[in-house]
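Visitor: Structure: upload.txt, compact mmCIF, C-alpha atoms and all ligand atoms.
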```txt
# COMPACT_ATOMS: atom_id res chain seq x y z
CA MET A 548 -3.27 -18.01 -21.81
CA ASN A 549 -1.58 -20.57 -19.60
CA ILE A 550 -3.62 -21.46 -16.48
CA GLN A 551 -1.34 -23.08 -13.93
CA GLN A 552 -2.50 -25.42 -11.17
CA ASN A 553 -1.52 -25.93 -7.53
CA ILE A 554 0.88 -22.99 -7.40
CA GLN A 555 2.90 -22.10 -4.28
CA LEU A 556 2.17 -18.46 -3.31
CA GLN A 557 5.13 -18.00 -0.96
CA PRO A 558 7.16 -16.05 -3.57
CA TYR A 559 4.11 -13.85 -4.23
CA ASN A 560 3.79 -12.27 -0.76
CA SER A 561 6.39 -10.16 1.02
CA PHE A 562 5.73 -11.86 4.40
CA ARG A 563 6.73 -15.11 2.67
CA THR A 564 3.93 -17.21 4.16
CA LYS A 565 3.07 -20.48 2.46
CA ALA A 566 -0.22 -21.23 0.71
CA ARG A 567 -1.26 -22.89 -2.52
CA ALA A 568 -3.52 -21.53 -5.23
CA LYS A 569 -5.74 -24.06 -6.99
CA LEU A 570 -5.44 -22.03 -10.23
CA PHE A 571 -3.05 -19.21 -11.20
CA CYS A 572 -2.75 -16.97 -14.27
CA GLU A 573 -0.83 -13.91 -15.47
CA PRO A 574 -2.89 -11.96 -18.04
CA GLU A 575 -0.84 -9.50 -20.12
CA SER A 576 -3.79 -7.69 -21.71
CA VAL A 577 -7.37 -6.66 -20.95
CA GLU A 578 -8.56 -9.18 -23.54
CA GLN A 579 -6.71 -12.07 -21.88
CA LEU A 580 -8.09 -11.04 -18.49
CA SER A 581 -11.69 -10.81 -19.76
CA GLU A 582 -11.35 -14.21 -21.41
CA VAL A 583 -10.06 -15.95 -18.30
CA LEU A 584 -12.76 -14.38 -16.09
CA ARG A 585 -15.46 -15.58 -18.47
CA SER A 586 -13.92 -19.06 -18.67
CA TYR A 587 -14.01 -19.57 -14.88
CA PRO A 588 -17.27 -17.90 -13.78
CA ASN A 589 -17.72 -20.03 -10.67
CA GLU A 590 -14.23 -19.91 -9.19
CA PRO A 591 -13.52 -17.47 -6.32
CA LYS A 592 -11.00 -14.90 -7.60
CA LEU A 593 -8.09 -13.17 -5.87
CA VAL A 594 -5.85 -10.51 -7.45
CA ILE A 595 -2.27 -10.11 -6.32
CA GLY A 596 0.31 -7.58 -7.43
CA ASN A 597 3.66 -7.85 -5.66
CA GLY A 598 1.95 -9.09 -2.48
CA CYS A 599 3.52 -6.31 -0.38
CA ASN A 600 0.28 -5.55 1.45
CA LEU A 601 -1.14 -9.03 2.00
CA PHE A 602 -0.31 -12.49 3.30
CA PHE A 603 -1.88 -15.94 3.39
CA THR A 604 -3.07 -18.06 6.31
CA LYS A 605 -4.52 -20.88 4.18
CA ASP A 606 -4.65 -22.25 0.65
CA PHE A 607 -6.77 -20.36 -1.89
CA ASP A 608 -9.39 -22.63 -3.42
CA GLY A 609 -9.92 -20.63 -6.59
CA LEU A 610 -8.21 -18.57 -9.29
CA VAL A 611 -5.36 -16.22 -8.37
CA ILE A 612 -4.82 -13.48 -10.96
CA HIS A 613 -1.45 -11.75 -11.23
CA PRO A 614 -1.93 -8.86 -13.72
CA ARG A 615 1.04 -8.31 -16.06
CA MET A 616 -0.22 -5.44 -18.27
CA ARG A 617 2.82 -3.29 -19.08
CA GLY A 618 3.65 0.05 -20.65
CA ILE A 619 3.69 3.80 -19.95
CA ARG A 620 1.82 5.73 -22.65
CA PRO A 621 1.19 9.50 -22.89
CA VAL A 622 -2.50 10.21 -23.51
CA LEU A 623 -2.24 14.00 -23.18
CA ASP A 624 0.75 16.31 -23.36
CA ASN A 625 0.84 20.13 -23.32
CA ASP A 626 3.10 22.90 -21.99
CA SER A 627 2.09 22.46 -18.35
CA ILE A 628 0.90 18.88 -17.83
CA VAL A 629 1.20 15.36 -19.10
CA GLU A 630 -1.22 12.46 -18.64
CA LEU A 631 0.27 8.97 -18.64
CA GLU A 632 -1.63 5.69 -18.88
CA THR A 633 0.38 3.05 -17.06
CA GLY A 634 -0.19 -0.71 -17.06
CA ALA A 635 -1.25 -2.39 -13.80
CA GLY A 636 1.72 -4.77 -13.92
CA GLU A 637 4.38 -2.05 -13.96
CA GLU A 638 6.52 -1.69 -10.82
CA TRP A 639 5.30 1.38 -8.93
CA ASP A 640 8.75 2.72 -8.10
CA ASN A 641 10.00 2.29 -11.69
CA PHE A 642 7.09 4.46 -12.74
CA VAL A 643 7.91 7.11 -10.11
CA ASN A 644 11.53 7.07 -11.28
CA HIS A 645 10.42 7.45 -14.91
CA CYS A 646 8.34 10.53 -13.99
CA VAL A 647 11.11 12.13 -11.93
CA GLU A 648 13.68 11.54 -14.70
CA LYS A 649 11.34 13.24 -17.20
CA GLY A 650 10.70 16.17 -14.81
CA TYR A 651 7.05 15.26 -14.22
CA ALA A 652 5.96 16.23 -10.69
CA GLY A 653 3.21 14.88 -8.43
CA ILE A 654 4.18 11.42 -7.17
CA GLU A 655 7.83 11.91 -6.10
CA ASN A 656 6.84 11.71 -2.39
CA LEU A 657 5.63 8.17 -3.10
CA SER A 658 9.14 7.02 -4.03
CA LEU A 659 10.27 3.53 -3.03
CA ILE A 660 6.81 2.25 -2.06
CA PRO A 661 7.00 -1.39 -3.09
CA GLY A 662 4.23 -2.80 -5.27
CA THR A 663 2.56 -2.51 -8.64
CA VAL A 664 0.83 0.39 -10.37
CA GLY A 665 -2.43 -1.61 -10.35
CA ALA A 666 -2.45 -1.81 -6.56
CA ALA A 667 -1.74 1.91 -6.02
CA PRO A 668 -5.39 3.04 -6.24
CA ILE A 669 -6.67 0.10 -4.15
CA GLN A 670 -5.61 1.56 -0.81
CA ASN A 671 -4.84 5.03 -2.23
CA ILE A 672 -1.17 4.68 -1.33
CA GLY A 673 0.24 7.58 0.62
CA ALA A 674 3.45 8.86 2.17
CA TYR A 675 5.08 12.12 3.27
CA GLY A 676 1.88 14.15 2.94
CA THR A 677 0.98 12.93 -0.58
CA GLU A 678 -1.75 10.51 -1.62
CA VAL A 679 -1.85 8.92 -5.06
CA LYS A 680 -5.48 10.00 -5.53
CA ASP A 681 -4.28 13.55 -6.19
CA ALA A 682 -2.49 12.41 -9.35
CA ILE A 683 -5.12 9.95 -10.61
CA VAL A 684 -7.41 11.05 -13.46
CA ARG A 685 -9.13 7.72 -14.09
CA VAL A 686 -8.76 4.00 -13.49
CA HIS A 687 -9.36 1.31 -16.11
CA ALA A 688 -10.57 -1.99 -14.66
CA VAL A 689 -12.41 -5.20 -15.50
CA ASN A 690 -15.48 -6.41 -13.63
CA LYS A 691 -14.64 -9.72 -11.93
CA ASP A 692 -18.11 -11.19 -12.52
CA THR A 693 -18.72 -10.22 -16.15
CA GLY A 694 -15.21 -9.75 -17.58
CA ASP A 695 -16.37 -6.39 -18.97
CA PRO A 696 -13.91 -3.46 -19.02
CA GLU A 697 -15.07 -0.31 -17.20
CA THR A 698 -13.55 3.15 -16.69
CA PHE A 699 -13.77 5.02 -13.38
CA PRO A 700 -13.09 8.76 -13.25
CA ALA A 701 -11.29 9.69 -10.00
CA GLU A 702 -14.56 10.90 -8.38
CA ALA A 703 -16.10 7.44 -8.86
CA CYS A 704 -13.20 5.72 -7.08
CA GLU A 705 -14.34 7.12 -3.68
CA PHE A 706 -10.78 7.55 -2.45
CA GLY A 707 -10.28 7.98 1.27
CA TYR A 708 -7.46 7.61 3.79
CA ARG A 709 -5.81 4.32 2.67
CA ASP A 710 -9.15 3.41 1.15
CA SER A 711 -11.14 3.29 -2.10
CA MET A 712 -14.26 1.83 -3.64
CA PHE A 713 -12.02 -0.91 -5.16
CA LYS A 714 -10.78 -1.95 -1.73
CA ARG A 715 -14.28 -2.04 -0.23
CA THR A 716 -16.11 -3.85 -3.05
CA ARG A 717 -13.32 -6.14 -4.34
CA GLN A 718 -15.38 -6.21 -7.54
CA TYR A 719 -12.82 -4.88 -10.06
CA ILE A 720 -9.40 -5.79 -11.37
CA VAL A 721 -7.37 -2.70 -12.24
CA THR A 722 -5.72 -3.01 -15.67
CA SER A 723 -4.23 0.50 -16.06
CA VAL A 724 -4.25 3.89 -14.35
CA VAL A 725 -4.13 7.37 -15.93
CA PHE A 726 -2.04 9.88 -13.95
CA ARG A 727 -1.87 13.67 -14.42
CA LEU A 728 1.57 15.13 -13.66
CA SER A 729 2.86 18.65 -13.73
CA LYS A 730 5.80 19.85 -15.81
CA SER A 731 6.70 22.46 -13.19
CA PHE A 732 7.85 21.84 -9.63
CA ALA A 733 8.50 23.88 -6.50
CA TYR A 734 9.10 22.08 -3.21
CA THR A 735 6.58 22.89 -0.48
CA GLU A 736 7.25 22.01 3.13
CA LYS A 737 4.54 19.70 4.42
CA TYR A 738 6.21 16.84 6.28
CA ALA A 739 8.68 17.14 9.15
CA ASP A 740 10.97 14.18 8.38
CA LEU A 741 11.36 15.27 4.76
CA ASN A 742 11.93 18.94 5.65
CA ARG A 743 14.70 17.87 8.03
CA GLU A 744 16.37 15.74 5.36
CA LEU A 745 16.26 18.64 2.89
CA ALA A 746 17.12 21.40 5.37
CA SER A 747 20.52 22.12 3.79
CA VAL A 748 19.21 22.17 0.20
CA PRO A 749 18.04 25.70 -0.83
CA HIS A 750 15.51 24.86 -3.58
CA PRO A 751 15.16 21.09 -3.75
CA SER A 752 14.67 19.67 -7.24
CA LEU A 753 12.32 16.82 -8.04
CA LYS A 754 15.29 14.45 -8.09
CA GLN A 755 16.62 15.71 -4.74
CA VAL A 756 13.21 15.14 -3.15
CA ARG A 757 13.08 11.58 -4.49
CA GLU A 758 16.62 10.88 -3.30
CA ALA A 759 15.87 12.33 0.16
CA ILE A 760 12.83 10.08 0.53
CA ILE A 761 14.80 7.04 -0.59
CA ARG A 762 17.48 7.82 2.03
CA ILE A 763 14.92 8.23 4.84
CA ARG A 764 13.06 5.06 3.89
CA ARG A 765 16.23 2.96 3.63
CA ARG A 766 17.25 4.12 7.12
CA LYS A 767 13.89 3.51 8.74
CA LEU A 768 12.21 0.57 7.01
CA PRO A 769 13.20 -3.08 6.74
CA ASP A 770 13.79 -4.41 3.22
CA PRO A 771 11.25 -7.24 2.71
CA ALA A 772 13.87 -9.15 0.70
CA GLU A 773 16.02 -9.36 3.85
CA LEU A 774 13.41 -9.34 6.62
CA PRO A 775 9.93 -10.32 5.40
CA ASN A 776 7.24 -7.72 6.21
CA ALA A 777 4.34 -5.88 4.60
CA GLY A 778 5.12 -2.31 5.65
CA SER A 779 2.83 -0.63 8.17
CA PHE A 780 0.76 -3.44 9.60
CA PHE A 781 -1.96 -1.28 11.16
CA LYS A 782 -3.77 1.82 9.95
CA ASN A 783 -3.35 5.02 11.93
CA PRO A 784 -6.53 5.30 14.05
CA LEU A 785 -9.02 8.05 13.22
CA LEU A 786 -10.61 9.46 16.39
CA THR A 787 -13.66 11.53 17.23
CA MET A 788 -13.16 14.65 19.39
CA GLU A 789 -14.25 12.64 22.46
CA GLU A 790 -11.88 9.75 21.71
CA LYS A 791 -9.05 12.21 21.13
CA GLU A 792 -9.64 13.87 24.52
CA ARG A 793 -9.76 10.48 26.24
CA LEU A 794 -6.44 9.49 24.65
CA LEU A 795 -4.76 12.79 25.57
CA ALA A 796 -5.86 12.32 29.19
CA LYS A 797 -3.89 9.05 29.23
CA LEU A 798 -1.07 10.02 26.85
CA PRO A 799 -0.65 13.83 26.80
CA ASP A 800 2.20 13.64 24.26
CA ALA A 801 0.28 11.54 21.71
CA PRO A 802 0.64 13.06 18.21
CA ILE A 803 -2.70 14.37 16.96
CA TYR A 804 -3.34 15.48 13.35
CA PRO A 805 -6.72 17.11 12.56
CA ILE A 806 -8.08 15.66 9.32
CA GLY A 807 -11.22 17.81 8.98
CA THR A 808 -14.88 16.89 9.58
CA GLY A 809 -14.25 16.83 13.34
CA LYS A 810 -11.92 13.82 13.12
CA PHE A 811 -8.33 13.41 14.26
CA LYS A 812 -5.59 10.99 13.27
CA THR A 813 -3.12 9.65 15.80
CA SER A 814 -0.02 7.52 15.28
CA ALA A 815 -0.46 3.75 15.61
CA ALA A 816 3.33 3.45 15.88
CA PHE A 817 3.33 5.74 18.92
CA LEU A 818 0.59 3.69 20.65
CA ILE A 819 2.41 0.41 19.96
CA GLU A 820 5.66 1.83 21.30
CA LYS A 821 3.93 3.13 24.44
CA ALA A 822 2.35 -0.31 24.93
CA GLY A 823 5.91 -1.66 25.11
CA TYR A 824 5.95 -3.51 21.81
CA LYS A 825 8.62 -1.70 19.77
CA GLY A 826 11.35 -4.25 19.03
CA LYS A 827 9.48 -6.98 20.95
CA ARG A 828 9.58 -10.50 19.57
CA ASN A 829 7.33 -13.44 20.35
CA GLY A 830 8.67 -16.64 18.80
CA PRO A 831 9.02 -16.28 15.03
CA VAL A 832 7.25 -12.89 14.75
CA GLY A 833 7.95 -9.44 16.20
CA ILE A 834 7.87 -5.68 15.82
CA TYR A 835 10.78 -4.11 13.96
CA GLU A 836 13.23 -2.43 16.32
CA ARG A 837 13.42 0.81 14.30
CA HIS A 838 9.73 1.15 13.47
CA ALA A 839 6.86 0.21 15.79
CA LEU A 840 4.27 -0.08 13.01
CA ILE A 841 6.04 -2.86 11.17
CA ILE A 842 5.51 -6.50 12.05
CA VAL A 843 8.42 -8.61 10.81
CA ASN A 844 8.60 -12.32 10.15
CA TYR A 845 11.82 -13.80 11.52
CA ALA A 846 11.13 -17.46 11.04
CA THR A 847 7.66 -18.68 10.08
CA GLU A 848 5.99 -19.90 6.93
CA ASN A 849 2.60 -20.04 8.65
CA GLY A 850 0.49 -16.86 8.35
CA ASN A 851 -1.47 -17.82 11.49
CA ASP A 852 1.64 -17.05 13.58
CA ILE A 853 1.47 -13.48 12.25
CA VAL A 854 -2.26 -13.28 13.00
CA ASP A 855 -1.66 -14.48 16.59
CA PHE A 856 0.97 -11.79 17.10
CA MET A 857 -1.32 -9.18 15.53
CA HIS A 858 -4.01 -10.07 18.11
CA GLU A 859 -1.49 -9.78 20.92
CA VAL A 860 -0.51 -6.25 19.84
CA GLN A 861 -4.16 -5.23 19.32
CA GLN A 862 -5.07 -6.44 22.81
CA ALA A 863 -2.12 -4.69 24.45
CA VAL A 864 -2.97 -1.33 22.83
CA ASP A 865 -6.70 -1.72 23.49
CA LYS A 866 -6.14 -2.59 27.16
CA LYS A 867 -3.81 0.38 27.72
CA PHE A 868 -5.42 3.10 25.64
CA GLY A 869 -8.94 1.88 24.70
CA ILE A 870 -8.15 2.04 20.97
CA ARG A 871 -8.67 -0.90 18.63
CA LEU A 872 -5.98 -0.99 15.91
CA GLU A 873 -7.22 -2.21 12.54
CA PRO A 874 -4.88 -3.99 10.13
CA GLU A 875 -4.00 -2.21 6.91
CA VAL A 876 -2.50 -5.43 5.55
CA ARG A 877 -4.96 -7.82 3.86
CA ILE A 878 -5.10 -11.30 5.38
CA TYR A 879 -6.23 -14.23 3.20
P1 LIG A 901 -0.71 -6.50 -3.22
O1 LIG A 901 -0.15 -6.58 -1.86
O2 LIG A 901 -0.43 -7.62 -4.14
O3 LIG A 901 -2.28 -6.26 -3.11
C1 LIG A 901 -2.82 -5.36 -2.19
C2 LIG A 901 -4.36 -5.36 -2.33
O4 LIG A 901 -4.72 -4.83 -3.59
C3 LIG A 901 -4.95 -6.76 -2.29
O5 LIG A 901 -6.21 -6.68 -1.67
C4 LIG A 901 -5.10 -7.15 -3.76
O6 LIG A 901 -6.16 -8.05 -3.97
C5 LIG A 901 -5.40 -5.79 -4.40
N1 LIG A 901 -4.87 -5.65 -5.76
C6 LIG A 901 -3.57 -5.70 -6.16
N2 LIG A 901 -3.47 -5.46 -7.48
C7 LIG A 901 -4.72 -5.23 -7.92
C8 LIG A 901 -5.28 -4.93 -9.19
N3 LIG A 901 -4.53 -4.80 -10.29
N4 LIG A 901 -6.62 -4.77 -9.28
C9 LIG A 901 -7.42 -4.91 -8.18
N5 LIG A 901 -6.95 -5.22 -6.96
C10 LIG A 901 -5.61 -5.36 -6.83
N6 LIG A 901 1.81 1.63 1.38
C11 LIG A 901 1.54 2.96 1.40
O7 LIG A 901 0.40 3.37 1.13
N7 LIG A 901 2.51 3.87 1.71
C12 LIG A 901 3.78 3.50 2.00
O8 LIG A 901 4.62 4.34 2.25
C13 LIG A 901 4.09 2.10 2.01
N8 LIG A 901 5.33 1.66 2.35
C14 LIG A 901 5.59 0.33 2.38
C15 LIG A 901 6.88 -0.09 2.76
C16 LIG A 901 7.19 -1.46 2.80
C17 LIG A 901 8.57 -1.89 3.21
C18 LIG A 901 6.20 -2.41 2.44
C19 LIG A 901 6.53 -3.87 2.43
C20 LIG A 901 4.92 -2.00 2.08
C21 LIG A 901 4.61 -0.62 2.06
N9 LIG A 901 3.32 -0.16 1.72
C22 LIG A 901 3.05 1.18 1.69
C23 LIG A 901 2.25 -1.13 1.38
C24 LIG A 901 2.29 -1.59 -0.11
O9 LIG A 901 3.54 -1.31 -0.66
C25 LIG A 901 1.21 -0.89 -0.93
O10 LIG A 901 -0.06 -1.18 -0.42
C26 LIG A 901 1.26 -1.34 -2.39
O11 LIG A 901 0.32 -0.62 -3.14
C27 LIG A 901 1.03 -2.83 -2.56
O12 LIG A 901 1.21 -3.17 -3.93
P2 LIG A 901 1.20 -4.68 -4.37
O13 LIG A 901 1.29 -4.72 -5.85
O14 LIG A 901 2.23 -5.43 -3.63
O15 LIG A 901 -0.27 -5.13 -3.91
P1 LIG A 902 6.60 9.38 10.60
O1 LIG A 902 7.17 10.51 9.82
O2 LIG A 902 7.41 8.78 11.69
O3 LIG A 902 5.19 9.84 11.19
C1 LIG A 902 4.41 8.95 12.00
C2 LIG A 902 2.95 9.04 11.59
O4 LIG A 902 2.50 10.37 11.80
C3 LIG A 902 2.76 8.73 10.13
O5 LIG A 902 2.09 7.53 10.04
C4 LIG A 902 2.00 9.91 9.55
O6 LIG A 902 0.72 9.58 9.04
C5 LIG A 902 1.76 10.85 10.71
N1 LIG A 902 2.23 12.19 10.31
C6 LIG A 902 3.48 12.69 10.41
N2 LIG A 902 3.51 13.96 9.97
C7 LIG A 902 2.27 14.28 9.58
C8 LIG A 902 1.67 15.45 9.04
N3 LIG A 902 2.37 16.56 8.83
N4 LIG A 902 0.36 15.40 8.75
C9 LIG A 902 -0.35 14.30 8.95
N5 LIG A 902 0.15 13.14 9.44
C10 LIG A 902 1.45 13.14 9.77
O7 LIG A 902 6.14 8.24 9.59
P2 LIG A 902 6.94 7.00 9.00
O8 LIG A 902 6.44 5.80 9.65
O9 LIG A 902 8.42 7.28 8.96
O10 LIG A 902 6.43 6.98 7.49
C11 LIG A 902 6.69 8.04 6.61
C12 LIG A 902 5.60 8.09 5.56
O11 LIG A 902 5.65 6.88 4.80
C13 LIG A 902 4.20 8.16 6.16
O12 LIG A 902 3.41 8.99 5.36
C14 LIG A 902 3.71 6.74 6.11
O13 LIG A 902 2.30 6.64 5.90
C15 LIG A 902 4.45 6.17 4.91
N6 LIG A 902 4.70 4.74 5.10
C16 LIG A 902 3.66 3.89 4.91
C17 LIG A 902 3.84 2.52 5.04
C18 LIG A 902 2.71 1.57 4.76
O14 LIG A 902 2.95 0.39 4.66
N7 LIG A 902 1.49 2.04 4.62
C19 LIG A 902 5.09 2.02 5.41
C20 LIG A 902 6.11 2.92 5.63
C21 LIG A 902 5.91 4.29 5.47
P3 LIG A 902 0.48 8.99 7.56
O15 LIG A 902 0.88 7.57 7.65
O16 LIG A 902 -0.98 9.17 7.41
O17 LIG A 902 1.29 9.77 6.59
```
I need this file expressed as structure tokens, please.
Guide:
Amino acid sequence: MNIQQNIQLQPYNSFRTKARAKLFCEPESVEQLSEVLRSYPNEPKLVIGNGCNLFFTKDFDGLVIHPRMRGIRPVLDNDSIVELETGAGEEWDNFVNHCVEKGYAGIENLSLIPGTVGAAPIQNIGAYGTEVKDAIVRVHAVNKDTGDPETFPAEACEFGYRDSMFKRTRQYIVTSVVFRLSKSFAYTEKYADLNRELASVPHPSLKQVREAIIRIRRRKLPDPAELPNAGSFFKNPLLTMEEKERLLAKLPDAPIYPIGTGKFKTSAAFLIEKAGYKGKRNGPVGIYERHALIIVNYATENGNDIVDFMHEVQQAVDKKFGIRLEPEVRIY
């Protein structure tokens, strides 16, 4: 496999910040990946998919791996369900489209999320009341240190809210994911924005749900190809009962969603808006005018400008509401 040197990573992250990788490779199979990992045991390693959830503040002095394993392969098929093994290098939304076209239900609410299939389990991607963990049967990955392939049943992935064992340990490179999808579908109302969009449709089909989500997302979110961004910059804060009460005393209309085990989720976008940051710009970086959770890059190639702006927003929210926002986006 070709190992490239001194590669510019600007095209490989949706914020379009500049950084160079000492070494760069694009394995197309598990065997190629294992071989390259064993050939460079002492280099620091970084995996990137489409770079829609990360950006760079400095050069990477090691090996950047861009997995290119392709293919969608049925591994089980009966009257009610199908299981598909999908390569890490496939585009996530192409895969969702494939499933919807075939009438396979389970991931349609995750339409139009940019990125690769391999990255989907890393932060357990979620939208409109669905998380990808609910469709994942197992994840095939390679251990970064040994180059050995390993298989993780869903229970071993320790999926949480925008979280997984893969994200915490950074020890594995996902090579393919097995999804279980249903051959039957009936729309259930679980998310206000989506219900509103489908209000005039009596029994929405799988395709109508996907199309509704695509319409909402195109209205609300900036296209990274036109205005560089990495989607929601911060995670929604999870609060204890005490923290929730303290927030409601300051902001009685703050949205609160109980998530079980005595914890509550509030909306980071709401807090940022109430701190006066929606649509605010500071030099080359700002918050998108139609969505307070999205930091957009108007004019910089230096990731540190984005970090400076992130700190400014964190401080403003902390000062006003006593809540520390944590980035969802990975900063390298
Ligand atoms: P990258 O950004 O390249 O990588 C993300 C992380 O995963 C990095 O830490 C990387 O090291 C690791 N990684 C990537 N591939 C692998 C692999 N094969 N094996 C091991 N580690 C790997 N996210 C949501 O959850 N819900 C949304 O609705 C959503 N909407 C978005 C909208 C916009 C406009 C944008 C720009 C982003 C949005 N995101 C959303 C975030 C992003 O799309 C997801 O996190 C997506 O999974 C990133 O995929 P990627 O291939 O670009 O991963
Ligand atoms: P929204 O509908 O304006 O809602 C704002 C926030 O409230 C969301 O973050 C959502 O949390 C939460 N929420 C709304 N209804 C909920 C419910 N019934 N139960 C629990 N939580 C609820 O959100 P939006 O910004 O337009 O995004 C729509 C969906 O796409 C969301 O699920 C969001 O996560 C996802 N999205 C994610 C990214 C990303 O980069 N991660 C970017 C764009 C959109 P959740 O975020 O937990 O769903």
Visitor: Specify the axis-aligned box that encloses all atoms of ligand LIG 901 (chain A) listed in the file after padding of 8 Å on each side, stating its centre and edge lengths in Å to one decimal as lines of an AutoDock Vina configuration file.
Guide:
```
center_x = 0.6
center_y = -1.9
center_z = -3.5
size_x = 32.0
size_y = 28.4
size_z = 29.5
```
Visitor: Could you list, with a cut-off of 7 Å and counting all atoms listed in the file, the residues of chain A near ligand LIG 902 (chain A), each shown with its nearest atom pair and the distance in Å rounded to one decimal, rows sorted by chain and ascending number, as a tab-separated table?
Guide:
```
residue	atom	partner	partner_atom	distance
A:Gly673	CA	A:LIG902	O13	5.7
A:Ala674	CA	A:LIG902	O12	3.2
A:Tyr675	CA	A:LIG902	O12	4.1
A:Gly676	CA	A:LIG902	O17	5.7
A:Lys737	CA	A:LIG902	N3	5.8
A:Tyr738	CA	A:LIG902	N3	4.6
A:Ala739	CA	A:LIG902	N2	6.1
A:Asp740	CA	A:LIG902	O1	5.5
A:Lys767	CA	A:LIG902	O9	6.6
A:Leu768	CA	A:LIG902	C20	6.7
A:Ala777	CA	A:LIG902	O14	6.4
A:Gly778	CA	A:LIG902	O14	3.6
A:Ser779	CA	A:LIG902	O14	3.7
A:Phe780	CA	A:LIG902	O14	6.6
A:Asn783	CA	A:LIG902	O5	6.3
A:Tyr804	CA	A:LIG902	C9	5.4
A:Thr813	CA	A:LIG902	O4	6.9
A:Ser814	CA	A:LIG902	C2	5.0
A:Ala816	CA	A:LIG902	C1	6.8
A:His838	CA	A:LIG902	O8	6.9
```
Visitor: May I ask for the distance between atom C7 of ligand LIG 901 (chain A) and CA of Ile595 (chain A), given in Å to one decimal place?
Guide: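 Between these atoms lies a distance of 5.7 Å.
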Visitor: Within 12 Å of (-0.1, -6.8, 19.3) in the file's own coordinates, which protein, DNA or RNA residues have an atom, counting only C-alpha atoms? List them as a ChimeraX atom specification.
Guide: /A:780-781,815-816,818-829,832-834,839-842,852-867,871-874
Visitor: Compile the contact shell of region 633-643 of chain A as a PyMOL selection string: residues with an atom at most 8 Å away, counting all atoms listed in the file, same-chain residues fewer than 6 positions apart removed.
Guide: chain A and resi 596+614-620+654-655+657-667+721-726
Visitor: Selection from above, C-alpha atoms, as an mmCIF file, in the coordinates of the input, can you write it?
Guide:
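What landed in result-v6.cif:
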```cif
data_model
loop_
_atom_site.group_PDB
_atom_site.id
_atom_site.type_symbol
_atom_site.label_atom_id
_atom_site.label_comp_id
_atom_site.auth_asym_id
_atom_site.auth_seq_id
_atom_site.Cartn_x
_atom_site.Cartn_y
_atom_site.Cartn_z
ATOM 1 C CA GLY A 596 0.310 -7.580 -7.430
ATOM 2 C CA PRO A 614 -1.930 -8.860 -13.720
ATOM 3 C CA ARG A 615 1.040 -8.310 -16.060
ATOM 4 C CA MET A 616 -0.220 -5.440 -18.270
ATOM 5 C CA ARG A 617 2.820 -3.290 -19.080
ATOM 6 C CA GLY A 618 3.650 0.050 -20.650
ATOM 7 C CA ILE A 619 3.690 3.800 -19.950
ATOM 8 C CA ARG A 620 1.820 5.730 -22.650
ATOM 9 C CA ILE A 654 4.180 11.420 -7.170
ATOM 10 C CA GLU A 655 7.830 11.910 -6.100
ATOM 11 C CA LEU A 657 5.630 8.170 -3.100
ATOM 12 C CA SER A 658 9.140 7.020 -4.030
ATOM 13 C CA LEU A 659 10.270 3.530 -3.030
ATOM 14 C CA ILE A 660 6.810 2.250 -2.060
ATOM 15 C CA PRO A 661 7.000 -1.390 -3.090
ATOM 16 C CA GLY A 662 4.230 -2.800 -5.270
ATOM 17 C CA THR A 663 2.560 -2.510 -8.640
ATOM 18 C CA VAL A 664 0.830 0.390 -10.370
ATOM 19 C CA GLY A 665 -2.430 -1.610 -10.350
ATOM 20 C CA ALA A 666 -2.450 -1.810 -6.560
ATOM 21 C CA ALA A 667 -1.740 1.910 -6.020
ATOM 22 C CA VAL A 721 -7.370 -2.700 -12.240
ATOM 23 C CA THR A 722 -5.720 -3.010 -15.670
ATOM 24 C CA SER A 723 -4.230 0.500 -16.060
ATOM 25 C CA VAL A 724 -4.250 3.890 -14.350
ATOM 26 C CA VAL A 725 -4.130 7.370 -15.930
ATOM 27 C CA PHE A 726 -2.040 9.880 -13.950
#
```
Visitor: Hey, which of A:Ile878, A:Leu570, A:Ile672, A:Val843 ends up closest to Asn776 (chain A)? Count all atoms listed in the file.
Guide: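 Smallest separation from Asn776 (chain A) among the options: A:Val843.
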Visitor: What's the 12 Å shell around Phe713 (chain A), counting all atoms listed in the file, without same-chain residues fewer than 6 positions away, as a ChimeraX atom specification?
Guide: /A:594,665-671,686-691,699,701,703-707,719-721
Visitor: Excluding Phe732 (chain A) and its own-chain neighbours fewer than 3 positions away, which residues fall within 12 Å of it when counting all atoms listed in the file? Please give them as an NGL selection string.
Guide: :A and (627-628 or 647 or 649-655 or 728-729 or 735 or 750-756)
Visitor: Hey, can you check how far CA of Val684 (chain A) sits from atom C18 of ligand LIG 901 (chain A)?
Guide: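 Between CA of Val684 (chain A) and atom C18 of ligand LIG 901 (chain A) the gap works out to 24.9 Å.
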Visitor: In terms of the shortest atom-to-atom distance over all atoms listed in the file, which of A:Pro621, A:Pro558, A:Gly869, A:Gly694 is closest to Ser586 (chain A)?
Guide: A:Gly694
Visitor: Just checking: using all atoms listed in the file, which residue out of A:Ala846, A:Leu631, A:Leu593, A:Leu610 ends up closest to ligand LIG 901 (chain A)?
Guide: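 Using all atoms listed in the file, the shortest distance to ligand LIG 901 (chain A) belongs to A:Leu593.
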Visitor: Hey, which of A:Gln557, A:Leu601, A:Asn844, A:Glu590 ends up closest to Gly830 (chain A)? Count all atoms listed in the file.
Guide: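 Among the listed residues, A:Asn844 lies closest to Gly830 (chain A).
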Visitor: Distance CA of Ile870 (chain A)-CA of Leu794 (chain A), one decimal place?
Guide: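 That distance, rounded to one decimal, is 8.5 Å.
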